[in-house]
$ cat upload30.cif   # mmCIF, C-alpha atoms
data_start
#
loop_
_atom_site.label_atom_id
_atom_site.label_comp_id
_atom_site.auth_asym_id
_atom_site.auth_seq_id
_atom_site.Cartn_x
_atom_site.Cartn_y
_atom_site.Cartn_z
CA MET A 1 0.00 0.00 0.00
CA LYS A 2 1.75 3.17 -1.12
CA PHE A 3 0.45 6.66 -0.64
CA TRP A 4 3.65 8.66 -0.57
CA GLY A 5 3.88 10.32 -3.97
CA LYS A 6 7.11 12.31 -4.10
CA LYS A 7 10.64 10.97 -3.92
CA THR A 8 11.36 10.30 -0.28
CA ALA A 9 14.49 9.49 1.72
CA HIS A 10 13.26 5.93 1.45
CA ASP A 11 13.39 6.08 -2.36
CA VAL A 12 16.89 7.56 -2.32
CA VAL A 13 18.24 4.84 -0.04
CA LYS A 14 16.45 2.11 -1.95
CA LYS A 15 18.05 3.25 -5.20
CA GLU A 16 21.49 3.47 -3.60
CA LEU A 17 21.07 -0.03 -2.20
CA GLU A 18 20.31 -1.47 -5.60
CA ILE A 19 23.72 -0.32 -6.82
CA PHE A 20 25.60 -0.98 -3.61
CA PHE A 21 24.24 -4.44 -2.84
CA PRO A 22 27.15 -6.58 -4.20
CA ARG A 23 29.63 -4.63 -2.08
CA LEU A 24 27.33 -4.88 0.94
CA TRP A 25 26.91 -8.61 0.48
CA ARG A 26 30.62 -9.37 0.31
CA TYR A 27 31.20 -7.28 3.42
CA CYS A 28 28.48 -9.30 5.13
CA LEU A 29 30.31 -12.43 4.03
CA ALA A 30 33.55 -11.09 5.49
CA LEU A 31 31.76 -10.43 8.78
CA THR A 32 29.74 -13.63 9.04
CA GLY A 33 32.04 -16.06 7.19
CA ASP A 34 29.03 -17.94 5.96
CA ARG A 35 26.92 -17.68 2.84
CA SER A 36 23.47 -18.01 4.32
CA ARG A 37 24.24 -15.80 7.32
CA SER A 38 25.58 -13.27 4.85
CA ASP A 39 22.24 -13.33 3.02
CA ASP A 40 20.46 -12.79 6.31
CA LEU A 41 22.73 -9.98 7.47
CA ALA A 42 22.57 -8.25 4.09
CA GLN A 43 18.78 -8.41 4.20
CA ALA A 44 18.64 -7.12 7.76
CA ALA A 45 21.07 -4.33 6.84
CA CYS A 46 18.94 -3.32 3.84
CA LEU A 47 15.83 -3.17 6.00
CA ARG A 48 17.63 -1.24 8.70
CA ALA A 49 18.90 1.23 6.07
CA ILE A 50 15.36 1.72 4.79
CA GLU A 51 14.14 2.16 8.35
CA LYS A 52 16.82 4.79 9.02
CA ALA A 53 16.62 6.34 5.55
CA ASP A 54 15.84 9.78 6.90
CA LYS A 55 19.19 9.74 8.71
CA PHE A 56 21.13 9.43 5.44
CA LYS A 57 22.14 12.77 3.95
CA ALA A 58 21.85 12.61 0.17
CA GLY A 59 25.14 13.45 -1.50
CA THR A 60 27.28 12.06 1.34
CA HIS A 61 29.12 8.73 1.25
CA PHE A 62 26.45 6.05 1.10
CA ASP A 63 29.09 3.31 1.20
CA ARG A 64 30.51 4.49 4.54
CA TRP A 65 27.07 5.00 6.06
CA MET A 66 26.06 1.53 4.98
CA PHE A 67 29.24 -0.26 6.09
CA ARG A 68 29.02 1.34 9.51
CA LEU A 69 25.35 0.53 9.88
CA THR A 70 25.99 -3.09 8.86
CA GLN A 71 28.94 -3.41 11.19
CA ARG A 72 26.85 -2.16 14.13
CA LEU A 73 23.94 -4.39 13.26
CA TRP A 74 26.22 -7.41 13.16
CA ILE A 75 28.13 -6.65 16.35
CA ASN A 76 25.25 -5.40 18.47
CA GLU A 77 22.37 -7.58 17.37
CA ILE A 78 22.86 -10.40 14.94
CA ARG A 79 26.20 -11.93 15.86
CA LYS A 80 25.03 -12.89 19.35
CA GLU A 81 22.16 -14.83 17.86
CA ALA A 82 24.40 -16.41 15.21
CA VAL A 83 26.88 -17.51 17.86
CA ARG A 84 24.06 -18.95 19.97
CA ASN A 85 22.97 -20.98 16.97
CA GLY A 86 26.44 -22.38 16.35
CA GLY A 87 27.80 -19.41 14.44
CA GLY A 88 31.34 -19.95 15.59
CA LEU A 89 31.54 -23.22 13.75
CA SER A 90 31.05 -22.25 10.16
CA SER A 91 33.03 -24.07 7.51
CA ILE A 92 34.07 -22.49 4.28
CA ASP A 93 33.17 -24.56 1.29
CA GLU A 94 34.61 -23.58 -2.07
CA GLU A 95 31.59 -24.71 -4.07
CA ASP A 96 29.39 -22.66 -1.81
CA LEU A 97 31.47 -19.54 -2.14
CA VAL A 98 32.87 -19.22 -5.61
CA ASP A 99 31.80 -19.97 -9.10
CA THR A 100 33.93 -23.02 -9.83
CA LYS A 101 33.36 -22.85 -13.57
CA PRO A 102 36.56 -21.83 -15.43
CA ASP A 103 36.84 -18.09 -15.67
CA PRO A 104 39.86 -16.67 -17.49
CA GLY A 105 39.59 -13.46 -15.48
CA VAL A 106 40.14 -15.17 -12.15
CA ASN A 107 42.85 -17.80 -11.88
CA LEU A 108 42.82 -20.80 -9.61
CA LEU A 109 45.25 -19.19 -7.20
CA GLY A 110 42.88 -16.25 -6.94
CA ARG A 111 40.16 -18.61 -5.73
CA GLU A 112 42.56 -20.15 -3.24
CA VAL A 113 43.47 -16.70 -1.97
CA LEU A 114 39.81 -15.94 -1.45
CA LEU A 115 39.30 -19.14 0.50
CA GLU A 116 42.34 -18.42 2.65
CA VAL A 117 41.06 -14.92 3.33
CA MET A 118 37.76 -16.45 4.38
CA ARG A 119 39.59 -18.78 6.77
CA LEU A 120 41.00 -15.80 8.68
CA PRO A 121 39.22 -14.76 11.88
CA GLU A 122 36.25 -12.42 11.42
CA ALA A 123 38.00 -9.24 12.58
CA GLN A 124 40.94 -9.76 10.22
CA ARG A 125 38.69 -10.67 7.27
CA ALA A 126 36.56 -7.57 7.65
CA THR A 127 39.54 -5.25 8.06
CA LEU A 128 41.38 -6.79 5.12
CA LEU A 129 38.32 -6.42 2.92
CA LEU A 130 37.81 -2.77 3.81
CA VAL A 131 41.46 -1.86 3.20
CA TYR A 132 42.59 -4.09 0.34
CA VAL A 133 39.33 -4.79 -1.52
CA GLU A 134 37.35 -1.64 -0.83
CA GLY A 135 40.47 0.52 -0.81
CA TYR A 136 39.82 2.52 2.37
CA SER A 137 42.75 4.12 4.13
CA TYR A 138 43.71 2.92 7.61
CA SER A 139 42.00 5.87 9.18
CA GLU A 140 38.81 5.42 7.15
CA ALA A 141 38.70 1.70 8.00
CA ALA A 142 39.26 2.47 11.69
CA ASN A 143 36.41 4.93 11.51
CA LEU A 144 34.05 2.43 9.84
CA LEU A 145 34.93 -0.35 12.26
CA GLU A 146 34.93 2.04 15.22
CA ILE A 147 38.30 0.80 16.44
CA PRO A 148 41.71 2.49 16.91
CA ILE A 149 44.02 2.75 13.88
CA GLY A 150 46.59 0.64 15.74
CA THR A 151 44.07 -2.21 15.84
CA VAL A 152 43.51 -1.93 12.09
CA MET A 153 47.28 -2.11 11.60
CA SER A 154 47.77 -5.12 13.85
CA ARG A 155 44.89 -7.01 12.20
CA LEU A 156 46.40 -6.37 8.78
CA ALA A 157 49.89 -7.35 9.92
CA VAL A 158 48.69 -10.67 11.37
CA ALA A 159 46.48 -11.41 8.34
CA ARG A 160 49.28 -10.65 5.90
CA SER A 161 51.76 -12.76 7.81
CA LYS A 162 49.37 -15.74 7.72
CA LEU A 163 48.56 -15.36 4.03
CA VAL A 164 52.21 -14.99 3.05
CA LYS A 165 53.13 -18.07 5.11
CA LYS A 166 50.50 -19.96 3.17
CA TYR A 167 51.69 -18.84 -0.25
CA GLY A 168 55.34 -18.06 0.44
CA SER A 169 56.98 -14.68 0.30
CA ARG A 170 56.58 -13.22 -3.14
CA SER A 171 55.64 -9.93 -4.57
CA GLU A 172 53.12 -11.48 -6.94
CA VAL A 173 50.79 -14.04 -5.46
CA GLY A 174 48.91 -14.64 -8.67
CA MET B 1 74.97 2.13 14.46
CA GLN B 2 72.28 -0.25 15.63
CA ASN B 3 69.04 0.15 13.62
CA ARG B 4 65.93 0.55 15.70
CA TYR B 5 63.36 -2.22 15.77
CA PHE B 6 60.33 -1.75 13.50
CA SER B 7 57.09 -3.47 14.42
CA ASP B 8 55.21 -5.61 11.87
CA GLU B 9 52.51 -2.95 11.93
CA GLU B 10 54.98 -0.29 10.84
CA LEU B 11 56.35 -2.52 8.11
CA VAL B 12 52.86 -3.24 6.78
CA ALA B 13 52.07 0.48 6.80
CA PHE B 14 55.33 1.00 4.90
CA LEU B 15 54.26 -1.58 2.30
CA ASP B 16 50.78 -0.07 2.09
CA GLY B 17 52.11 3.44 1.52
CA GLU B 18 50.47 4.64 4.75
CA ASP B 19 53.32 7.02 5.43
CA ASP B 20 51.67 8.64 8.44
CA TYR B 21 52.04 5.36 10.30
CA ALA B 22 55.50 4.26 9.12
CA ASN B 23 58.74 6.14 9.16
CA VAL B 24 59.58 5.64 5.50
CA ALA B 25 62.95 7.36 5.62
CA GLU B 26 64.14 5.32 8.59
CA ILE B 27 62.92 2.03 7.16
CA THR B 28 64.40 2.74 3.72
CA SER B 29 67.71 3.64 5.27
CA ALA B 30 67.75 0.59 7.55
CA LEU B 31 66.98 -1.67 4.61
CA LYS B 32 70.35 -0.81 3.06
CA THR B 33 72.24 -2.48 5.86
CA ASP B 34 69.78 -4.78 7.59
CA ALA B 35 69.22 -8.07 5.72
CA ASN B 36 66.98 -9.33 8.48
CA LEU B 37 64.66 -6.38 8.03
CA ALA B 38 64.44 -7.13 4.31
CA ASN B 39 63.44 -10.71 5.18
CA ARG B 40 60.81 -9.53 7.61
CA ILE B 41 59.33 -7.25 4.97
CA ASP B 42 59.26 -10.12 2.49
CA GLU B 43 57.33 -12.17 5.01
CA LEU B 44 54.64 -9.50 5.01
CA ARG B 45 54.70 -8.75 1.31
CA LEU B 46 51.34 -9.75 -0.07
CA ASP B 47 49.97 -8.97 -3.49
CA THR B 48 46.98 -7.02 -2.26
CA LYS B 49 45.74 -6.45 -5.80
CA GLN B 50 45.43 -10.22 -6.10
CA VAL B 51 43.41 -10.27 -2.88
CA ALA B 52 41.07 -7.66 -4.31
CA LYS B 53 40.85 -9.56 -7.58
CA SER B 54 40.10 -12.82 -5.80
CA PHE B 55 36.82 -11.34 -4.59
CA GLU B 56 35.64 -11.18 -8.18
CA ALA B 57 35.23 -14.95 -8.02
CA LEU B 58 32.59 -14.62 -5.30
CA LYS B 59 29.05 -15.67 -6.06
CA ILE B 60 27.14 -12.69 -4.70
CA GLY B 61 23.87 -13.45 -2.90
CA LYS B 62 20.54 -12.32 -4.23
CA MET B 63 19.28 -8.90 -3.27
CA PRO B 64 16.21 -9.07 -1.02
CA GLU B 65 12.98 -7.45 -2.08
CA LEU B 66 12.86 -4.08 -0.35
CA PRO B 67 9.68 -2.70 1.16
CA SER B 68 7.90 -0.37 -1.24
CA ALA B 69 6.59 1.89 1.52
CA PRO B 70 8.61 3.78 4.08
CA ILE B 71 9.07 2.04 7.37
CA THR B 72 8.99 4.08 10.53
CA SER B 73 11.31 3.15 13.31
CA ALA B 74 9.73 2.72 16.70
CA ASN B 75 13.06 3.37 18.38
CA ASP B 76 12.21 6.75 19.75
CA ASN B 77 9.07 8.54 20.77
CA THR B 78 8.73 10.51 17.56
CA GLY B 79 9.15 7.36 15.53
CA PHE B 80 6.66 5.54 17.67
CA ARG B 81 4.10 8.33 17.33
CA ASN B 82 4.66 8.30 13.59
CA ALA B 83 4.22 4.54 13.51
CA ILE B 84 0.94 4.81 15.36
CA ALA B 85 -0.19 7.69 13.14
CA ALA B 86 0.79 5.76 10.02
CA SER B 87 -0.99 2.63 11.19
CA ILE B 88 -4.16 4.58 11.91
CA LEU B 89 -3.87 6.25 8.52
CA THR B 90 -3.34 2.86 6.94
CA LEU B 91 -6.40 1.42 8.62
CA VAL B 92 -8.56 4.44 7.80
CA ILE B 93 -7.54 4.49 4.15
CA GLY B 94 -7.80 0.74 3.96
CA TYR B 95 -11.25 0.83 5.50
CA GLY B 96 -12.50 3.62 3.24
CA ALA B 97 -11.03 2.58 -0.06
CA GLY B 98 -10.79 -1.16 0.13
CA ILE B 99 -7.45 -2.44 1.16
CA SER B 100 -6.19 -3.93 -2.04
CA THR B 101 -6.88 -3.53 -5.69
CA SER B 102 -8.84 -6.77 -5.71
CA ASN B 103 -12.61 -6.61 -5.70
CA SER B 104 -13.02 -8.90 -2.75
CA GLN B 105 -13.99 -7.36 0.57
CA PRO B 106 -10.98 -6.99 2.81
CA ASP B 107 -11.28 -9.16 5.86
CA TRP B 108 -9.68 -8.82 9.27
CA ARG B 109 -6.51 -10.51 8.05
CA ASP B 110 -5.88 -7.74 5.50
CA TYR B 111 -5.97 -5.19 8.30
CA VAL B 112 -3.61 -7.31 10.36
CA ALA B 113 -1.21 -7.47 7.39
CA SER B 114 -1.23 -3.68 6.99
CA TYR B 115 -0.57 -3.26 10.68
CA GLN B 116 2.17 -5.88 10.70
CA ALA B 117 3.90 -4.19 7.73
CA LEU B 118 4.67 -1.29 10.08
CA TYR B 119 6.45 -3.51 12.57
CA THR B 120 10.23 -3.54 12.55
CA ASN B 121 12.76 -5.29 14.70
CA SER B 122 13.01 -2.09 16.75
CA THR B 123 9.33 -2.28 17.65
CA LEU B 124 9.94 -5.41 19.68
CA LYS B 125 13.61 -5.89 20.36
CA ASN B 126 13.65 -3.90 23.58
CA VAL B 127 10.57 -5.58 24.99
CA ALA B 128 11.98 -7.76 27.76
CA LEU B 129 9.27 -9.02 30.10
CA SER B 130 9.80 -11.63 32.79
CA ASP B 131 8.12 -14.99 32.23
CA ALA B 132 5.65 -14.22 35.02
CA THR B 133 4.69 -10.89 33.46
CA LYS B 134 4.42 -12.48 30.05
CA GLN B 135 2.02 -15.10 31.39
CA GLU B 136 -0.08 -12.50 33.22
CA GLU B 137 -0.32 -10.42 30.07
CA LEU B 138 -1.12 -13.46 28.00
CA ASP B 139 -3.87 -14.55 30.42
CA ARG B 140 -5.49 -11.12 30.20
CA VAL B 141 -5.14 -10.88 26.41
CA ALA B 142 -6.30 -14.43 25.64
CA ALA B 143 -9.28 -13.97 27.94
CA ALA B 144 -10.49 -11.21 25.60
CA ILE B 145 -11.35 -13.88 23.05
CA GLY B 146 -12.27 -16.53 25.60
CA LYS B 147 -9.11 -18.56 25.28
CA THR B 148 -6.42 -19.77 27.65
CA ILE B 149 -2.91 -19.90 26.26
CA PRO B 150 -0.11 -21.23 28.45
CA ILE B 151 3.16 -19.56 27.58
CA GLU B 152 4.80 -22.95 26.89
CA LYS B 153 2.59 -23.24 23.85
CA LEU B 154 4.26 -20.18 22.37
CA ASN B 155 7.79 -21.38 23.01
CA ILE B 156 7.67 -23.95 20.26
CA SER B 157 10.99 -23.27 18.60
CA THR B 158 14.32 -21.54 19.08
CA GLN B 159 13.52 -19.72 15.86
CA LEU B 160 10.70 -17.73 17.43
CA GLU B 161 11.11 -15.69 20.56
CA TYR B 162 7.82 -14.64 22.16
CA LYS B 163 7.89 -10.92 23.01
CA ARG B 164 4.44 -9.65 24.01
CA SER B 165 0.73 -9.81 23.34
CA GLN B 166 -2.01 -7.23 23.09
CA VAL B 167 -5.69 -6.86 22.40
CA LEU B 168 -6.68 -5.04 19.21
CA GLY B 169 -10.11 -4.66 17.74
CA TYR B 170 -11.82 -5.27 14.44
CA LYS B 171 -15.37 -4.04 13.85
CA GLY B 172 -16.04 -4.03 17.56
CA LYS B 173 -14.70 -7.56 18.06
CA PRO B 174 -11.57 -8.25 20.08
CA LEU B 175 -8.65 -9.48 18.08
CA ILE B 176 -5.47 -10.59 19.79
CA GLN B 177 -1.96 -10.12 18.53
CA ILE B 178 0.87 -12.30 19.87
CA ALA B 179 4.20 -10.87 18.76
CA PHE B 180 7.49 -12.70 18.21
CA LEU B 181 10.91 -12.01 16.76
CA ASP B 182 12.42 -14.74 14.63
CA SER B 183 16.08 -15.68 14.85
CA MET B 184 16.96 -13.01 12.30
CA GLY B 185 15.13 -10.35 14.27
CA GLN B 186 12.13 -10.20 11.95
CA PRO B 187 8.82 -9.40 13.63
CA ILE B 188 6.24 -12.17 13.32
CA ALA B 189 2.69 -12.02 14.67
CA LEU B 190 0.11 -14.65 15.48
CA CYS B 191 -3.34 -13.05 15.46
CA ILE B 192 -6.56 -14.72 16.53
CA ILE B 193 -10.21 -13.65 16.37
CA ARG B 194 -13.45 -15.43 17.20
CA SER B 195 -15.15 -16.79 14.12
CA ASP B 196 -18.83 -16.18 13.37
CA GLU B 197 -19.03 -19.15 11.08
CA ASN B 198 -17.35 -21.90 12.98
CA GLU B 199 -16.08 -23.56 9.83
CA LYS B 200 -12.77 -25.41 9.61
CA LEU B 201 -10.23 -24.02 7.18
CA ASP B 202 -7.05 -25.98 6.60
CA LEU B 203 -3.76 -24.17 6.80
CA ALA B 204 -3.14 -22.12 3.64
CA MET B 205 -0.10 -20.03 2.75
CA ASP B 206 -0.35 -16.57 1.24
CA SER B 207 1.77 -13.48 0.63
CA MET B 208 0.30 -10.31 2.14
CA GLU B 209 1.88 -6.83 2.03
CA GLY B 210 5.08 -8.54 0.87
CA MET B 211 5.17 -10.81 3.93
CA SER B 212 4.78 -14.55 4.29
CA SER B 213 1.55 -15.56 5.96
CA ALA B 214 -0.41 -18.66 6.89
CA LYS B 215 -4.09 -18.73 7.77
CA TRP B 216 -6.34 -21.35 9.21
CA SER B 217 -9.59 -21.65 11.15
CA LYS B 218 -10.81 -24.20 13.61
CA GLU B 219 -13.09 -24.69 16.59
CA GLY B 220 -14.66 -21.28 16.40
CA TYR B 221 -11.50 -19.22 15.86
CA GLU B 222 -9.70 -17.76 12.85
CA TYR B 223 -5.92 -17.46 12.85
CA ILE B 224 -3.15 -15.82 10.90
CA LEU B 225 0.61 -16.10 11.35
CA ILE B 226 2.41 -13.37 9.43
CA GLY B 227 5.80 -11.69 9.09
CA GLY B 228 9.13 -11.81 7.27
CA LYS B 229 9.62 -13.51 3.96
CA ASP B 230 10.54 -17.01 5.02
CA ASP B 231 7.64 -19.13 3.77
CA ALA B 232 9.18 -22.30 5.13
CA LEU B 233 9.46 -20.87 8.64
CA ILE B 234 5.91 -19.49 8.62
CA SER B 235 4.51 -22.74 7.28
CA ARG B 236 6.37 -24.82 9.88
CA MET B 237 5.46 -22.56 12.79
CA ALA B 238 1.85 -22.22 11.67
CA SER B 239 1.56 -25.98 11.49
CA LYS B 240 2.79 -26.26 15.10
CA PHE B 241 0.52 -23.49 16.37
CA SER B 242 -2.49 -24.99 14.63
CA ASP B 243 -1.85 -28.17 16.61
CA THR B 244 -1.15 -26.57 19.98
CA ILE B 245 -3.31 -23.47 20.28
#
$ encode --input "upload30.cif" --output "structure tokens"
Amino acid sequence: MKFWGKKTAHDVVKKELEIFFPRLWRYCLALTGDRSRSDDLAQAACLRAIEKADKFKAGTHFDRWMFRLTQRLWINEIRKEAVRNGGGLSSIDEEDLVDTKPDPGVNLLGREVLLEVMRLPEAQRATLLLVYVEGYSYSEAANLLEIPIGTVMSRLAVARSKLVKKYGSRSEVG
Amino acid sequence: MQNRYFSDEELVAFLDGEDDYANVAEITSALKTDANLANRIDELRLDTKQVAKSFEALKIGKMPELPSAPITSANDNTGFRNAIAASILTLVIGYGAGISTSNSQPDWRDYVASYQALYTNSTLKNVALSDATKQEELDRVAAAIGKTIPIEKLNISTQLEYKRSQVLGYKGKPLIQIAFLDSMGQPIALCIIRSDENEKLDLAMDSMEGMSSAKWSKEGYEYILIGGKDDALISRMASKFSDTI
């Protein structure tokens, strides 16, 4: 039932979400480490964004607003429930996560790297995604995650050390 | 001269070009004489472009259907007043104009669906009553339609957390709403009204206001379970409630 005629904050956020969704979903995956929980978190985050649409200022960074909102939703509300339902015990299954059909654009090592990233602890995965996949600076990532910059740096250092140990020290992993 | 020790964090910042957090000049200078430092840097040298590229292999999940009408948060007083105002507006417009585009007369379940569409997680998440209070409330609410509902009959699954119940009204008849949050925090409601016709209707699934719903009637009462989009959950829970309540 719709009786709001003009373009509302709700419409603006809905349109932004349609474009932003793939980035939101992969962040949800980095947080939850599990495909179906990622679907659930992404859905909850979309609904929360719609609910809070009037708090979003058009023309500002939708991506940052959305990542922060999702992060808070996960930490404050949904993670507890996920942990209660066995959330700490997720297993990463390649078939579940990546398209295993040959794709010349993404080599096999690339898939392995993704799986190794997904095997990192949640905090490291999320930080690594924000900095190396999303391209945020340390200070922007710290701001989104609401943690000190030093914590961002130590998460990245530990994650990098683990990944390099797995693949050996080389400048080109792929 | 002994080079100073650089932490892994500083070395990673150096590799990432985050110069505010790494002393580039000192590290570059130390690298000329310190083979061990070069080794440590190699142990942290990751092709971050490859990491970014690896995410292209991800199968992205499907985007959920977003509500087509604004949702009002019930988090604060203003929001709550707006929610109430919107629900009254919804009911008034629904009552005056016919609630859907179909020609059939809207029945009480259509009004319940419109009301439920205004519920969000925030409406219920802070409701935290003790078991004793919940049972007292439930006794009072269920009595409005001449029923007795022990609280155990609402705790049928870990996927539904019972939050509260209240008496609403439809055309002068009491209608009760029993509210839950599912494990994803979605609001779900079981609503019951006395039936005038006393006919038995087997459980039937439907989609109302974009939400999953199940309706059934038996022994002089009509029921609806509605909320979220998980048909399987609603069907399973409705089946249990139709046996127990």
$ closest_residue --input "upload30.cif" --among "A:Ala126, A:Val152, A:Leu114, A:Ile75" --to "chain B" --atoms "only C-alpha atoms"
A:Leu114
$ residues_around --input "upload30.cif" --residues "B:Ser235" --least-positions-apart "3" --cutoff "10 Å" --atoms "only C-alpha atoms" --output "list in words"
Leu203, Ala204, Met205, Asp206, Ser212, Ser213, Ala214, Lys215, Leu225, Ile226, Asp230, Asp231, Ala232, Ala238, Ser239, Lys240 and Phe241 of chain B
$ atom_distance --input "upload30.cif" --atom1 "atom CA of B:Val12" --atom2 "atom CA of A:Ala157"
6.0 Å
$ interface_residues --input "upload30.cif" --of "chain B" --to "chain A" --cutoff "7 Å" --atoms "all atoms listed in the file" --output "ChimeraX atom specification"
/B:8-9,12,42-48,50-52,54-55,57-61,63-64,69-73,183-184
$ resolve_selection --input "upload30.cif" --expression "the PyMOL selection byres ((chain B and resi 188) around 9)" --output "VMD selection string"
chain B and resid 116 119 160 178 to 182 186 to 187 189 to 190 225 to 228 234
$ resolve_selection --input "upload30.cif" --expression "the PyMOL selection byres ((chain B and resi 192) around 8)" --output "list in words"
Leu175, Ile176, Gln177, Leu190, Cys191, Ile193, Arg194, Tyr221, Glu222, Tyr223 and Ile224 of chain B
$ atom_distance --input "upload30.cif" --atom1 "atom CA of B:Glu161" --atom2 "atom CA of B:Lys229"
16.8 Å
$ atom_distance --input "upload30.cif" --atom1 "atom CA of A:Met66" --atom2 "atom CA of B:Lys125"
21.1 Å
$ residues_around --input "upload30.cif" --residues "A:Phe62" --least-positions-apart "4" --cutoff "10 Å" --atoms "all atoms listed in the file" --output "list of chain:residue names"
A:Val13, A:Glu16, A:Leu17, A:Phe20, A:Phe56, A:Lys57, A:Ala58, A:Met66, A:Phe67, A:Arg68
$ write_last_selection --input "upload30.cif" --atoms "C-alpha atoms" --output "PDB file, in the frame of the given file"
ATOM      1  CA  VAL A  13      18.240   4.840  -0.040  1.00  0.00           C
ATOM      2  CA  GLU A  16      21.490   3.470  -3.600  1.00  0.00           C
ATOM      3  CA  LEU A  17      21.070  -0.030  -2.200  1.00  0.00           C
ATOM      4  CA  PHE A  20      25.600  -0.980  -3.610  1.00  0.00           C
ATOM      5  CA  PHE A  56      21.130   9.430   5.440  1.00  0.00           C
ATOM      6  CA  LYS A  57      22.140  12.770   3.950  1.00  0.00           C
ATOM      7  CA  ALA A  58      21.850  12.610   0.170  1.00  0.00           C
ATOM      8  CA  MET A  66      26.060   1.530   4.980  1.00  0.00           C
ATOM      9  CA  PHE A  67      29.240  -0.260   6.090  1.00  0.00           C
ATOM     10  CA  ARG A  68      29.020   1.340   9.510  1.00  0.00           C
TER      11      ARG A  68
END
$ resolve_selection --input "upload30.cif" --expression "the PyMOL selection byres ((chain B and resi 168) around 12)" --output "compact mmCIF listing (two decimals) with C-alpha atoms, in the coordinates of the input"
# COMPACT_ATOMS: atom_id res chain seq x y z
CA TRP B 108 -9.68 -8.82 9.27
CA TYR B 111 -5.97 -5.19 8.30
CA VAL B 112 -3.61 -7.31 10.36
CA TYR B 115 -0.57 -3.26 10.68
CA VAL B 141 -5.14 -10.88 26.41
CA ALA B 142 -6.30 -14.43 25.64
CA ALA B 144 -10.49 -11.21 25.60
CA ILE B 145 -11.35 -13.88 23.05
CA SER B 165 0.73 -9.81 23.34
CA GLN B 166 -2.01 -7.23 23.09
CA VAL B 167 -5.69 -6.86 22.40
CA GLY B 169 -10.11 -4.66 17.74
CA TYR B 170 -11.82 -5.27 14.44
CA LYS B 171 -15.37 -4.04 13.85
CA GLY B 172 -16.04 -4.03 17.56
CA LYS B 173 -14.70 -7.56 18.06
CA PRO B 174 -11.57 -8.25 20.08
CA LEU B 175 -8.65 -9.48 18.08
CA ILE B 176 -5.47 -10.59 19.79
CA GLN B 177 -1.96 -10.12 18.53
CA ILE B 178 0.87 -12.30 19.87
CA CYS B 191 -3.34 -13.05 15.46
CA ILE B 192 -6.56 -14.72 16.53
CA ILE B 193 -10.21 -13.65 16.37
